[in-house]
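A quick write-up on the structure given underneath.
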Amino acid sequence: MDADALTRLTEEAIAAIEAAQTSDELEQVRVTHFGQKSPLRLAGREIRDPAAGKAFNAARQAVENSIEKREEALARSELDRRLAEERVDVTLPVGGWERGHLHLITQVRREVEDIFLGLGYRVVDGREVETTRYNFDALAFPPGHASRSPLASVFLDDETVLRTETSPSQIRAMEAQEPPVYIVTLGRVYRRDTPDATHTPTFHQVEGLAVDEGITLADLEGTLDFLLRKLFGEERRTEFRTHYFPFTEPSIEAYVSCHVCDGSGCPVCRHSGWIEVGGAGMVDPKLFEFVGYDPERYTGFAFGWGLERIAVLRHGIPDLRELWRDDLRLLRQF
Ligand code: DAH
């Protein structure tokens with residue numbers, strides 16, 4: 001091969017290298033112009049004299065330098081392009097995040113707490129795991145009472161039960177202080193109930209307790225009347241019917257005039273005009289004896305209502321289980 005041909009092949013190769021726009025293109029060019037079977041390489045094999053060898057080495061060096069330079073340039077510009085294209089603009093607003101809100105049960109719970117804090121009550125915690133002594137004995141449940149059965153309640157052992165109601169908190173609250181007592185305590189309770197539209201095996205109650213000198217049934221009814229109007233509307237009327245609980249005497253059940261039909265009768269109140277809200281009564285003196293309060297000196301009232309029940313009644317939710325399903329389409333409405 002003569003020197004002119006070598007120069008021409010070299011210049012062609014360098015021109016092609018400089019024209020390559022991507023690393024892939026550059027690799028193609030390298031194979032074509034500088035690969036094992038390229039004219040330049042083939043020419044190299046035919047060299048027989050030192051002068052031609054020197055010229056060939058210089059040409060090869062020039063092509064290699066050119067490839068290296070082009071590689072670097074392409075890598076740099078590809079990096080620049082990726083940096084520009086894939087840049088995350090941290091100053092952009094992060095649209096699309098919805099702020100959540102408290103579950104309806106928590107809302108009702110806080111609402112009830114606020115109502116009673118406004119009346120001067122304290123909010124106290126109880127225990128979800130209770131002894132049978134506090135859950136049943138202290139509350140004067142007779143030995144054969146149905147809720148003492150493992151078929152009705154969740155026992156952890158013979159003497160330990162997931163509380164079936166918040167009422168044992170009454171005993172703990174009284175043991176913790178001397179009268180006067182004005183407390184509410186809210187939380188979960190557990191029963192072996194098969195879930196249906198009006199039952200879930202775990203639910204929430206609010207328990208209230210007032211113990212002082214001279215407390216009467218009128219105080220209880222006035223307090224519940226106030227509570228029901230706050231929860232269901234100022235125009236509501238209340239009614240109290242006799243009932244039975246082991247730990248109150250007398251015992252009553254509270255009713256509120258239906259907030260949907262205002263008493264004229266509708267499906268929500270089952271055409272009675274009244275909605276049953278929950279139990280209450282005057283604290284049985286047996287409880288005072290258990291905690292060491294003087295039953296001759298003190299009287300008191302108590303009540304215990306389901307928070308889910310308040311929520312479904314007030315908002316017309318047809319099935320109490322919905323509150324445990326976490327379906328956002330429902331929960332977002334409240
Ligand atoms: N503990 C009762 C229940 O779960 C509700 C109840 C009724 C609580 C009367 C009370 C009360 O404090 O005085 O069915």
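Chain labels run A, B, ... following the order of the structure tokens; each chain numbers its residues from 1, and ligands are numbered from 1 in the order shown.
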
Need to verify the contact set: Ala43 (chain A), 12 Å, only C-alpha atoms, exclusion of same-chain residues closer than 5 positions in sequence. Can you return it as an mmCIF file with all heavy atoms, in the first residue's frame?
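Ended up saving to part-v3.cif:
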data_model
loop_
_atom_site.group_PDB
_atom_site.id
_atom_site.type_symbol
_atom_site.label_atom_id
_atom_site.label_comp_id
_atom_site.auth_asym_id
_atom_site.auth_seq_id
_atom_site.Cartn_x
_atom_site.Cartn_y
_atom_site.Cartn_z
ATOM 1 N N MET A 1 0.859 -1.208 0.000
ATOM 2 C CA MET A 1 0.000 0.000 0.000
ATOM 3 C C MET A 1 0.881 1.238 0.000
ATOM 4 O O MET A 1 1.855 1.312 0.748
ATOM 5 C CB MET A 1 -0.875 -0.026 1.247
ATOM 6 C CG MET A 1 -1.550 1.301 1.499
ATOM 7 S SD MET A 1 -2.563 1.277 2.931
ATOM 8 C CE MET A 1 -4.012 0.527 2.315
ATOM 9 N N ASP A 2 0.473 2.193 -0.823
ATOM 10 C CA ASP A 2 1.318 3.394 -0.840
ATOM 11 C C ASP A 2 0.878 4.390 0.224
ATOM 12 O O ASP A 2 -0.168 4.241 0.852
ATOM 13 C CB ASP A 2 1.331 4.041 -2.233
ATOM 14 C CG ASP A 2 -0.059 4.455 -2.662
ATOM 15 O OD1 ASP A 2 -0.889 4.748 -1.756
ATOM 16 O OD2 ASP A 2 -0.329 4.478 -3.880
ATOM 17 N N ALA A 3 1.732 5.373 0.418
ATOM 18 C CA ALA A 3 1.505 6.335 1.498
ATOM 19 C C ALA A 3 0.217 7.114 1.299
ATOM 20 O O ALA A 3 -0.512 7.387 2.265
ATOM 21 C CB ALA A 3 2.690 7.295 1.577
ATOM 22 N N ALA A 5 -2.569 6.093 -0.143
ATOM 23 C CA ALA A 5 -3.715 5.249 0.226
ATOM 24 C C ALA A 5 -3.863 5.184 1.745
ATOM 25 O O ALA A 5 -4.973 5.277 2.288
ATOM 26 C CB ALA A 5 -3.549 3.860 -0.366
ATOM 27 N N LEU A 6 -2.758 5.041 2.437
ATOM 28 C CA LEU A 6 -2.789 4.997 3.903
ATOM 29 C C LEU A 6 -3.364 6.294 4.470
ATOM 30 O O LEU A 6 -4.227 6.277 5.358
ATOM 31 C CB LEU A 6 -1.377 4.750 4.458
ATOM 32 C CG LEU A 6 -1.266 4.637 5.980
ATOM 33 C CD1 LEU A 6 -2.036 3.400 6.474
ATOM 34 C CD2 LEU A 6 0.183 4.563 6.447
ATOM 35 N N THR A 7 -2.903 7.412 3.942
ATOM 36 C CA THR A 7 -3.410 8.705 4.411
ATOM 37 C C THR A 7 -4.912 8.817 4.176
ATOM 38 O O THR A 7 -5.665 9.263 5.035
ATOM 39 C CB THR A 7 -2.681 9.854 3.671
ATOM 40 O OG1 THR A 7 -1.285 9.658 3.790
ATOM 41 C CG2 THR A 7 -3.065 11.199 4.247
ATOM 42 N N LEU A 9 -7.162 6.354 3.840
ATOM 43 C CA LEU A 9 -7.911 5.481 4.764
ATOM 44 C C LEU A 9 -7.957 6.083 6.173
ATOM 45 O O LEU A 9 -8.990 6.054 6.849
ATOM 46 C CB LEU A 9 -7.274 4.090 4.818
ATOM 47 C CG LEU A 9 -7.510 3.189 3.597
ATOM 48 C CD1 LEU A 9 -6.743 1.867 3.753
ATOM 49 C CD2 LEU A 9 -9.003 2.921 3.409
ATOM 50 N N THR A 10 -6.835 6.628 6.572
ATOM 51 C CA THR A 10 -6.769 7.230 7.904
ATOM 52 C C THR A 10 -7.714 8.421 8.014
ATOM 53 O O THR A 10 -8.477 8.550 8.969
ATOM 54 C CB THR A 10 -5.322 7.688 8.209
ATOM 55 O OG1 THR A 10 -4.445 6.593 7.980
ATOM 56 C CG2 THR A 10 -5.184 8.152 9.642
ATOM 57 N N HIS A 33 -14.025 0.794 10.183
ATOM 58 C CA HIS A 33 -12.796 1.450 9.742
ATOM 59 C C HIS A 33 -11.536 0.995 10.452
ATOM 60 O O HIS A 33 -10.438 1.302 10.011
ATOM 61 C CB HIS A 33 -12.926 2.975 9.910
ATOM 62 C CG HIS A 33 -13.921 3.582 8.984
ATOM 63 N ND1 HIS A 33 -13.618 3.989 7.698
ATOM 64 C CD2 HIS A 33 -15.259 3.820 9.126
ATOM 65 C CE1 HIS A 33 -14.692 4.463 7.110
ATOM 66 N NE2 HIS A 33 -15.708 4.366 7.972
ATOM 67 N N PHE A 34 -11.726 0.264 11.569
ATOM 68 C CA PHE A 34 -10.538 -0.035 12.360
ATOM 69 C C PHE A 34 -10.584 -1.449 12.924
ATOM 70 O O PHE A 34 -9.722 -1.877 13.658
ATOM 71 C CB PHE A 34 -10.430 1.012 13.491
ATOM 72 C CG PHE A 34 -9.062 1.144 14.056
ATOM 73 C CD1 PHE A 34 -7.950 1.350 13.218
ATOM 74 C CD2 PHE A 34 -8.837 1.061 15.431
ATOM 75 C CE1 PHE A 34 -6.679 1.477 13.749
ATOM 76 C CE2 PHE A 34 -7.573 1.193 15.955
ATOM 77 C CZ PHE A 34 -6.487 1.402 15.114
ATOM 78 N N GLY A 35 -11.647 -2.189 12.566
ATOM 79 C CA GLY A 35 -11.786 -3.572 13.038
ATOM 80 C C GLY A 35 -10.797 -4.487 12.325
ATOM 81 O O GLY A 35 -10.093 -4.068 11.391
ATOM 82 N N GLN A 36 -10.792 -5.772 12.762
ATOM 83 C CA GLN A 36 -9.829 -6.752 12.225
ATOM 84 C C GLN A 36 -9.877 -6.838 10.706
ATOM 85 O O GLN A 36 -8.870 -7.063 10.051
ATOM 86 C CB GLN A 36 -10.098 -8.130 12.828
ATOM 87 C CG GLN A 36 -9.813 -8.213 14.318
ATOM 88 C CD GLN A 36 -8.382 -7.784 14.657
ATOM 89 O OE1 GLN A 36 -7.439 -8.041 13.878
ATOM 90 N NE2 GLN A 36 -8.216 -7.107 15.795
ATOM 91 N N LYS A 37 -11.143 -6.654 10.149
ATOM 92 C CA LYS A 37 -11.248 -6.843 8.695
ATOM 93 C C LYS A 37 -11.340 -5.536 7.927
ATOM 94 O O LYS A 37 -11.683 -5.514 6.744
ATOM 95 C CB LYS A 37 -12.483 -7.710 8.400
ATOM 96 C CG LYS A 37 -12.267 -9.105 8.954
ATOM 97 C CD LYS A 37 -13.347 -10.067 8.557
ATOM 98 C CE LYS A 37 -13.047 -11.439 9.106
ATOM 99 N NZ LYS A 37 -14.101 -11.934 10.011
ATOM 100 N N SER A 38 -11.030 -4.429 8.610
ATOM 101 C CA SER A 38 -11.116 -3.133 7.930
ATOM 102 C C SER A 38 -9.937 -2.985 6.960
ATOM 103 O O SER A 38 -8.884 -3.601 7.175
ATOM 104 C CB SER A 38 -11.063 -2.008 8.964
ATOM 105 O OG SER A 38 -9.824 -2.076 9.646
ATOM 106 N N ARG A 48 6.064 -4.573 4.810
ATOM 107 C CA ARG A 48 7.287 -5.380 4.787
ATOM 108 C C ARG A 48 8.518 -4.559 5.182
ATOM 109 O O ARG A 48 9.516 -5.131 5.618
ATOM 110 C CB ARG A 48 7.517 -5.953 3.372
ATOM 111 C CG ARG A 48 6.444 -6.914 2.897
ATOM 112 C CD ARG A 48 6.534 -8.268 3.628
ATOM 113 N NE ARG A 48 5.423 -9.126 3.261
ATOM 114 C CZ ARG A 48 4.298 -9.208 3.956
ATOM 115 N NH1 ARG A 48 4.149 -8.524 5.102
ATOM 116 N NH2 ARG A 48 3.321 -10.003 3.558
ATOM 117 N N ALA A 52 7.466 1.877 6.033
ATOM 118 C CA ALA A 52 6.027 1.693 5.909
ATOM 119 C C ALA A 52 5.428 1.354 7.280
ATOM 120 O O ALA A 52 4.354 1.812 7.649
ATOM 121 C CB ALA A 52 5.725 0.584 4.896
ATOM 122 N N GLY A 53 6.202 0.542 8.048
ATOM 123 C CA GLY A 53 5.740 0.183 9.412
ATOM 124 C C GLY A 53 5.568 1.409 10.276
ATOM 125 O O GLY A 53 4.585 1.564 10.996
ATOM 126 N N ALA A 55 5.036 4.481 9.284
ATOM 127 C CA ALA A 55 3.895 5.268 8.797
ATOM 128 C C ALA A 55 2.576 4.643 9.279
ATOM 129 O O ALA A 55 1.648 5.322 9.718
ATOM 130 C CB ALA A 55 3.922 5.339 7.275
ATOM 131 N N PHE A 56 2.538 3.282 9.206
ATOM 132 C CA PHE A 56 1.314 2.622 9.637
ATOM 133 C C PHE A 56 1.043 2.837 11.130
ATOM 134 O O PHE A 56 -0.085 3.127 11.548
ATOM 135 C CB PHE A 56 1.392 1.124 9.316
ATOM 136 C CG PHE A 56 0.182 0.387 9.790
ATOM 137 C CD1 PHE A 56 -1.005 0.433 9.049
ATOM 138 C CD2 PHE A 56 0.189 -0.324 10.981
ATOM 139 C CE1 PHE A 56 -2.127 -0.218 9.490
ATOM 140 C CE2 PHE A 56 -0.948 -0.963 11.433
ATOM 141 C CZ PHE A 56 -2.100 -0.921 10.678
ATOM 142 N N ASN A 57 2.081 2.710 11.923
ATOM 143 C CA ASN A 57 1.918 2.916 13.376
ATOM 144 C C ASN A 57 1.406 4.314 13.689
ATOM 145 O O ASN A 57 0.548 4.492 14.554
ATOM 146 C CB ASN A 57 3.245 2.674 14.099
ATOM 147 C CG ASN A 57 3.447 1.180 14.344
ATOM 148 O OD1 ASN A 57 2.479 0.407 14.320
ATOM 149 N ND2 ASN A 57 4.696 0.774 14.529
ATOM 150 N N ALA A 59 -0.380 6.153 11.677
ATOM 151 C CA ALA A 59 -1.784 6.224 11.272
ATOM 152 C C ALA A 59 -2.674 5.573 12.334
ATOM 153 O O ALA A 59 -3.713 6.095 12.729
ATOM 154 C CB ALA A 59 -1.961 5.533 9.920
ATOM 155 N N ARG A 60 -2.232 4.386 12.779
ATOM 156 C CA ARG A 60 -3.020 3.662 13.776
ATOM 157 C C ARG A 60 -3.170 4.500 15.047
ATOM 158 O O ARG A 60 -4.245 4.624 15.624
ATOM 159 C CB ARG A 60 -2.326 2.337 14.107
ATOM 160 C CG ARG A 60 -3.270 1.367 14.792
ATOM 161 C CD ARG A 60 -2.542 0.140 15.214
ATOM 162 N NE ARG A 60 -1.496 0.476 16.154
ATOM 163 C CZ ARG A 60 -0.640 -0.409 16.671
ATOM 164 N NH1 ARG A 60 -0.668 -1.658 16.252
ATOM 165 N NH2 ARG A 60 0.258 -0.041 17.541
#

Would you pick out the contacts of Arg297 (chain A) at 12 Å or less, using only C-alpha atoms, so that residues sharing its chain but fewer than 4 positions from it are not included, and give the list as a PDB file with all heavy atoms, in the first residue's frame?
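result07.pdb, freshly written:
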ATOM      1  N   PRO A 179     -64.675  10.344  96.668  1.00  0.00           N
ATOM      2  CA  PRO A 179     -65.676  11.198  96.027  1.00  0.00           C
ATOM      3  C   PRO A 179     -65.360  12.673  96.310  1.00  0.00           C
ATOM      4  O   PRO A 179     -64.690  12.945  97.304  1.00  0.00           O
ATOM      5  CB  PRO A 179     -66.988  10.780  96.692  1.00  0.00           C
ATOM      6  CG  PRO A 179     -66.688   9.516  97.440  1.00  0.00           C
ATOM      7  CD  PRO A 179     -65.222   9.503  97.715  1.00  0.00           C
ATOM      8  N   PRO A 180     -65.854  13.610  95.568  1.00  0.00           N
ATOM      9  CA  PRO A 180     -66.724  13.404  94.397  1.00  0.00           C
ATOM     10  C   PRO A 180     -65.961  12.896  93.168  1.00  0.00           C
ATOM     11  O   PRO A 180     -64.816  13.246  92.964  1.00  0.00           O
ATOM     12  CB  PRO A 180     -67.273  14.814  94.140  1.00  0.00           C
ATOM     13  CG  PRO A 180     -66.230  15.743  94.684  1.00  0.00           C
ATOM     14  CD  PRO A 180     -65.632  15.044  95.864  1.00  0.00           C
ATOM     15  N   VAL A 211     -70.324  10.450  91.147  1.00  0.00           N
ATOM     16  CA  VAL A 211     -70.599  10.071  92.534  1.00  0.00           C
ATOM     17  C   VAL A 211     -70.377  11.300  93.400  1.00  0.00           C
ATOM     18  O   VAL A 211     -69.320  11.942  93.313  1.00  0.00           O
ATOM     19  CB  VAL A 211     -69.674   8.928  93.026  1.00  0.00           C
ATOM     20  CG1 VAL A 211     -70.019   8.563  94.466  1.00  0.00           C
ATOM     21  CG2 VAL A 211     -69.755   7.722  92.117  1.00  0.00           C
ATOM     22  N   ASP A 212     -71.391  11.619  94.198  1.00  0.00           N
ATOM     23  CA  ASP A 212     -71.266  12.806  95.044  1.00  0.00           C
ATOM     24  C   ASP A 212     -72.345  12.713  96.119  1.00  0.00           C
ATOM     25  O   ASP A 212     -73.142  11.778  96.110  1.00  0.00           O
ATOM     26  CB  ASP A 212     -71.470  14.073  94.181  1.00  0.00           C
ATOM     27  CG  ASP A 212     -70.716  15.279  94.740  1.00  0.00           C
ATOM     28  OD1 ASP A 212     -70.438  15.302  95.956  1.00  0.00           O
ATOM     29  OD2 ASP A 212     -70.422  16.183  93.934  1.00  0.00           O
ATOM     30  N   GLU A 213     -72.394  13.683  96.998  1.00  0.00           N
ATOM     31  CA  GLU A 213     -73.503  13.695  97.946  1.00  0.00           C
ATOM     32  C   GLU A 213     -74.721  14.255  97.231  1.00  0.00           C
ATOM     33  O   GLU A 213     -74.624  15.235  96.497  1.00  0.00           O
ATOM     34  CB  GLU A 213     -73.143  14.569  99.146  1.00  0.00           C
ATOM     35  CG  GLU A 213     -72.087  13.920 100.026  1.00  0.00           C
ATOM     36  CD  GLU A 213     -71.701  14.788 101.221  1.00  0.00           C
ATOM     37  OE1 GLU A 213     -72.594  15.489 101.762  1.00  0.00           O
ATOM     38  OE2 GLU A 213     -70.529  14.765 101.602  1.00  0.00           O
ATOM     39  N   GLY A 214     -75.851  13.594  97.426  1.00  0.00           N
ATOM     40  CA  GLY A 214     -77.109  14.143  96.918  1.00  0.00           C
ATOM     41  C   GLY A 214     -77.367  13.998  95.440  1.00  0.00           C
ATOM     42  O   GLY A 214     -78.212  14.691  94.869  1.00  0.00           O
ATOM     43  N   ILE A 215     -76.667  13.108  94.752  1.00  0.00           N
ATOM     44  CA  ILE A 215     -76.949  12.872  93.319  1.00  0.00           C
ATOM     45  C   ILE A 215     -78.254  12.077  93.191  1.00  0.00           C
ATOM     46  O   ILE A 215     -78.462  11.099  93.916  1.00  0.00           O
ATOM     47  CB  ILE A 215     -75.805  12.069  92.680  1.00  0.00           C
ATOM     48  CG1 ILE A 215     -74.510  12.856  92.757  1.00  0.00           C
ATOM     49  CG2 ILE A 215     -76.157  11.655  91.253  1.00  0.00           C
ATOM     50  CD1 ILE A 215     -74.026  13.457  91.484  1.00  0.00           C
ATOM     51  N   PRO A 285     -75.597   0.447  95.539  1.00  0.00           N
ATOM     52  CA  PRO A 285     -74.736   0.619  96.728  1.00  0.00           C
ATOM     53  C   PRO A 285     -73.717  -0.509  96.892  1.00  0.00           C
ATOM     54  O   PRO A 285     -72.668  -0.307  97.522  1.00  0.00           O
ATOM     55  CB  PRO A 285     -75.735   0.639  97.892  1.00  0.00           C
ATOM     56  CG  PRO A 285     -77.049   1.018  97.291  1.00  0.00           C
ATOM     57  CD  PRO A 285     -77.033   0.544  95.864  1.00  0.00           C
ATOM     58  N   PHE A 288     -70.398   0.669  95.855  1.00  0.00           N
ATOM     59  CA  PHE A 288     -69.745   1.540  96.840  1.00  0.00           C
ATOM     60  C   PHE A 288     -69.108   0.712  97.942  1.00  0.00           C
ATOM     61  O   PHE A 288     -68.008   1.015  98.414  1.00  0.00           O
ATOM     62  CB  PHE A 288     -70.761   2.524  97.429  1.00  0.00           C
ATOM     63  CG  PHE A 288     -71.267   3.539  96.422  1.00  0.00           C
ATOM     64  CD1 PHE A 288     -72.539   4.102  96.560  1.00  0.00           C
ATOM     65  CD2 PHE A 288     -70.487   3.949  95.356  1.00  0.00           C
ATOM     66  CE1 PHE A 288     -73.004   5.037  95.651  1.00  0.00           C
ATOM     67  CE2 PHE A 288     -70.943   4.886  94.438  1.00  0.00           C
ATOM     68  CZ  PHE A 288     -72.211   5.428  94.586  1.00  0.00           C
ATOM     69  N   GLU A 289     -69.819  -0.346  98.338  1.00  0.00           N
ATOM     70  CA  GLU A 289     -69.243  -1.213  99.364  1.00  0.00           C
ATOM     71  C   GLU A 289     -67.956  -1.861  98.843  1.00  0.00           C
ATOM     72  O   GLU A 289     -66.963  -1.950  99.569  1.00  0.00           O
ATOM     73  CB  GLU A 289     -70.255  -2.298  99.787  1.00  0.00           C
ATOM     74  CG  GLU A 289     -71.245  -1.766 100.815  1.00  0.00           C
ATOM     75  CD  GLU A 289     -72.523  -2.585 100.885  1.00  0.00           C
ATOM     76  OE1 GLU A 289     -72.501  -3.775 100.487  1.00  0.00           O
ATOM     77  OE2 GLU A 289     -73.548  -2.025 101.327  1.00  0.00           O
ATOM     78  N   GLY A 292     -65.258   0.696  99.008  1.00  0.00           N
ATOM     79  CA  GLY A 292     -65.061   1.328 100.309  1.00  0.00           C
ATOM     80  C   GLY A 292     -65.620   2.743 100.423  1.00  0.00           C
ATOM     81  O   GLY A 292     -65.174   3.519 101.269  1.00  0.00           O
ATOM     82  N   TYR A 293     -66.589   3.098  99.587  1.00  0.00           N
ATOM     83  CA  TYR A 293     -67.284   4.382  99.752  1.00  0.00           C
ATOM     84  C   TYR A 293     -68.453   4.160 100.714  1.00  0.00           C
ATOM     85  O   TYR A 293     -69.033   3.078 100.741  1.00  0.00           O
ATOM     86  CB  TYR A 293     -67.881   4.887  98.426  1.00  0.00           C
ATOM     87  CG  TYR A 293     -66.908   5.472  97.426  1.00  0.00           C
ATOM     88  CD1 TYR A 293     -65.547   5.472  97.651  1.00  0.00           C
ATOM     89  CD2 TYR A 293     -67.388   6.032  96.256  1.00  0.00           C
ATOM     90  CE1 TYR A 293     -64.681   6.024  96.701  1.00  0.00           C
ATOM     91  CE2 TYR A 293     -66.534   6.579  95.308  1.00  0.00           C
ATOM     92  CZ  TYR A 293     -65.183   6.566  95.539  1.00  0.00           C
ATOM     93  OH  TYR A 293     -64.335   7.092  94.604  1.00  0.00           O
TER      94      TYR A 293
END

Quick one: which chain A residues come within 8 Å of ligand 1, and what is the nearest atom pair for each with the distance in Å to one decimal, counting only C-alpha atoms and all ligand atoms, rows ordered by chain and ascending number, as a tab-separated table?
residue	atom	partner	partner_atom_place_in_ligand_line	distance
A:Thr164	CA	ligand 1	4 (O)	6.8
A:Glu165	CA	ligand 1	4 (O)	4.6
A:Thr166	CA	ligand 1	1 (N)	6.3
A:Ser167	CA	ligand 1	1 (N)	5.2
A:Gln170	CA	ligand 1	12 (O)	7.7
A:Gln205	CA	ligand 1	4 (O)	7.7
A:Glu207	CA	ligand 1	12 (O)	5.7
A:Gly208	CA	ligand 1	12 (O)	6.4
A:Leu209	CA	ligand 1	12 (O)	7.0
A:Phe245	CA	ligand 1	9 (C)	5.9
A:Phe247	CA	ligand 1	13 (O)	6.8
A:Thr248	CA	ligand 1	13 (O)	5.5
A:Ser251	CA	ligand 1	9 (C)	6.6
A:Ile252	CA	ligand 1	9 (C)	7.3
A:Glu253	CA	ligand 1	9 (C)	7.8
A:Gly278	CA	ligand 1	5 (C)	6.6
A:Gly279	CA	ligand 1	7 (C)	3.7
A:Ala280	CA	ligand 1	13 (O)	3.5
A:Gly281	CA	ligand 1	13 (O)	4.3
A:Met282	CA	ligand 1	13 (O)	6.6
A:Val283	CA	ligand 1	13 (O)	6.7
A:Phe301	CA	ligand 1	13 (O)	6.7
A:Ala302	CA	ligand 1	13 (O)	4.0
A:Phe303	CA	ligand 1	12 (O)	3.5
A:Gly304	CA	ligand 1	8 (C)	3.4
A:Trp305	CA	ligand 1	5 (C)	6.0
A:Gly306	CA	ligand 1	4 (O)	7.9

Filtering to N, CA and C atoms, could you give me those residues as a CSV table (one decimal), in the first residue's frame?
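Writing the result to selection26.csv gives the following:
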chain,number,residue,atom,x,y,z
A,164,THR,N,-65.9,-6.9,78.7
A,164,THR,CA,-67.2,-7.0,77.9
A,164,THR,C,-67.9,-5.7,77.8
A,165,GLU,N,-67.5,-4.7,78.6
A,165,GLU,CA,-68.1,-3.4,78.7
A,165,GLU,C,-67.1,-2.5,79.4
A,166,THR,N,-67.4,-1.2,79.3
A,166,THR,CA,-66.4,-0.3,80.0
A,166,THR,C,-66.7,-0.1,81.5
A,167,SER,N,-67.8,-0.7,82.0
A,167,SER,CA,-68.2,-0.5,83.4
A,167,SER,C,-67.2,-0.9,84.4
A,170,GLN,N,-65.5,2.0,86.1
A,170,GLN,CA,-66.1,2.7,87.2
A,170,GLN,C,-65.5,2.3,88.5
A,205,GLN,N,-67.3,1.8,73.7
A,205,GLN,CA,-68.3,2.3,74.6
A,205,GLN,C,-67.8,3.6,75.2
A,207,GLU,N,-68.4,5.3,78.9
A,207,GLU,CA,-68.9,5.0,80.3
A,207,GLU,C,-68.8,6.3,81.0
A,208,GLY,N,-69.9,6.7,81.7
A,208,GLY,CA,-69.8,7.9,82.5
A,208,GLY,C,-70.2,7.5,84.0
A,209,LEU,N,-69.6,8.2,84.9
A,209,LEU,CA,-69.8,8.0,86.3
A,209,LEU,C,-69.8,9.3,87.1
A,245,PHE,N,-80.0,-3.6,85.0
A,245,PHE,CA,-78.6,-4.0,84.9
A,245,PHE,C,-78.2,-4.4,86.3
A,247,PHE,N,-75.7,-3.7,88.1
A,247,PHE,CA,-74.9,-2.7,88.9
A,247,PHE,C,-75.6,-1.4,89.0
A,248,THR,N,-76.8,-1.3,88.6
A,248,THR,CA,-77.6,0.0,88.9
A,248,THR,C,-78.9,-0.3,89.5
A,251,SER,N,-82.5,1.0,87.2
A,251,SER,CA,-81.8,1.0,85.9
A,251,SER,C,-82.7,1.6,84.8
A,252,ILE,N,-82.2,2.3,83.9
A,252,ILE,CA,-83.0,2.9,82.8
A,252,ILE,C,-82.4,2.7,81.5
A,253,GLU,N,-83.2,2.9,80.5
A,253,GLU,CA,-82.7,2.9,79.1
A,253,GLU,C,-83.1,4.2,78.5
A,278,GLY,N,-79.0,3.7,74.9
A,278,GLY,CA,-78.1,2.8,75.8
A,278,GLY,C,-78.6,2.9,77.2
A,279,GLY,N,-77.8,2.1,78.0
A,279,GLY,CA,-78.2,1.9,79.4
A,279,GLY,C,-77.7,3.0,80.4
A,280,ALA,N,-78.3,3.0,81.5
A,280,ALA,CA,-77.9,3.9,82.6
A,280,ALA,C,-78.6,3.6,83.9
A,281,GLY,N,-78.2,4.2,84.9
A,281,GLY,CA,-78.9,4.0,86.2
A,281,GLY,C,-78.2,4.6,87.4
A,282,MET,N,-78.8,4.4,88.5
A,282,MET,CA,-78.2,4.9,89.8
A,282,MET,C,-77.3,3.8,90.3
A,283,VAL,N,-76.1,4.2,90.6
A,283,VAL,CA,-75.1,3.2,91.0
A,283,VAL,C,-75.6,2.4,92.2
A,301,PHE,N,-74.6,8.2,89.7
A,301,PHE,CA,-75.3,7.6,88.5
A,301,PHE,C,-74.2,7.2,87.5
A,302,ALA,N,-74.6,6.3,86.6
A,302,ALA,CA,-73.7,5.8,85.6
A,302,ALA,C,-74.4,5.5,84.3
A,303,PHE,N,-73.7,5.5,83.2
A,303,PHE,CA,-74.3,5.1,81.9
A,303,PHE,C,-73.2,4.5,81.0
A,304,GLY,N,-73.6,3.7,80.1
A,304,GLY,CA,-72.7,3.1,79.2
A,304,GLY,C,-73.3,2.9,77.8
A,305,TRP,N,-72.8,3.6,76.8
A,305,TRP,CA,-73.4,3.6,75.5
A,305,TRP,C,-72.3,3.2,74.4
A,306,GLY,N,-72.8,2.7,73.3
A,306,GLY,CA,-71.9,2.3,72.2
A,306,GLY,C,-71.7,3.4,71.3

Just the residues within 12 Å of Glu72 (chain A), please, counting only C-alpha atoms, with nothing from its chain fewer than 6 positions along; format it as a count of residues only.
-> 8

Contacts of Arg191 (chain A) within 6 Å, only C-alpha atoms, excl. fewer than 2 positions in-chain, as a short mmCIF file (atom, residue, chain, number, x, y, z; two decimals) with C-alpha atoms, in the first residue's frame:
data_model
loop_
_atom_site.label_atom_id
_atom_site.label_comp_id
_atom_site.auth_asym_id
_atom_site.auth_seq_id
_atom_site.Cartn_x
_atom_site.Cartn_y
_atom_site.Cartn_z
CA SER A 153 -67.02 -13.42 76.35
CA THR A 164 -67.16 -6.99 77.89
CA ASP A 193 -70.94 -11.83 68.92
CA PRO A 201 -67.26 -8.53 68.25
#

So which residues touch Ile171 (chain A) within 10 Å, counting only C-alpha atoms, skipping near sequence neighbours fewer than 4 positions away, as a VMD selection string?
-> chain A and resid 126 134 to 135 138 to 139 167 175 to 176 209 287 to 288 290 to 291

Sel. of strand (DSSP E or B) residues, region 47-296 of chain A, as JSON, numbers by chain = {"A": [122, 123, 129, 130, 131, 155, 156, 157, 160, 161, 162, 181, 182, 183, 184, 185, 186, 187, 188, 189, 190, 196, 199, 202, 203, 204, 205, 206, 207, 208, 209, 210, 211, 212, 238, 239, 240, 241, 242, 243, 244, 245, 248, 249, 250, 251, 252, 253, 254, 255, 256, 257, 274, 275, 276, 277, 278, 279, 280, 281, 282, 283]}

Excluding Leu74 (chain A) and any residue of its chain fewer than 5 positions from it, enumerate the residues within 12 Å of it, using only C-alpha atoms, and give them as a PyMOL selection string.
-> chain A and resi 17-27+67-69+79-81

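Of the listed residues (A:Thr32, A:Thr198, A:Gln333, A:Gln177), A:Thr198 comes nearest to Arg309 (chain A); the distances count only C-alpha atoms.
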
Can you list, as a PyMOL selection string, every residue of region 134-280 of chain A that DSSP puts in helix (DSSP H, G or I)?
-> chain A and resi 134-137+146-148+168-176+217-232

Mind checking which residues fall within 9 Å of Val108 (chain A), counting only C-alpha atoms, ignoring those fewer than 6 positions away in the same chain, and posting them as a ChimeraX atom specification?
-> /A:231,307-308,310-311
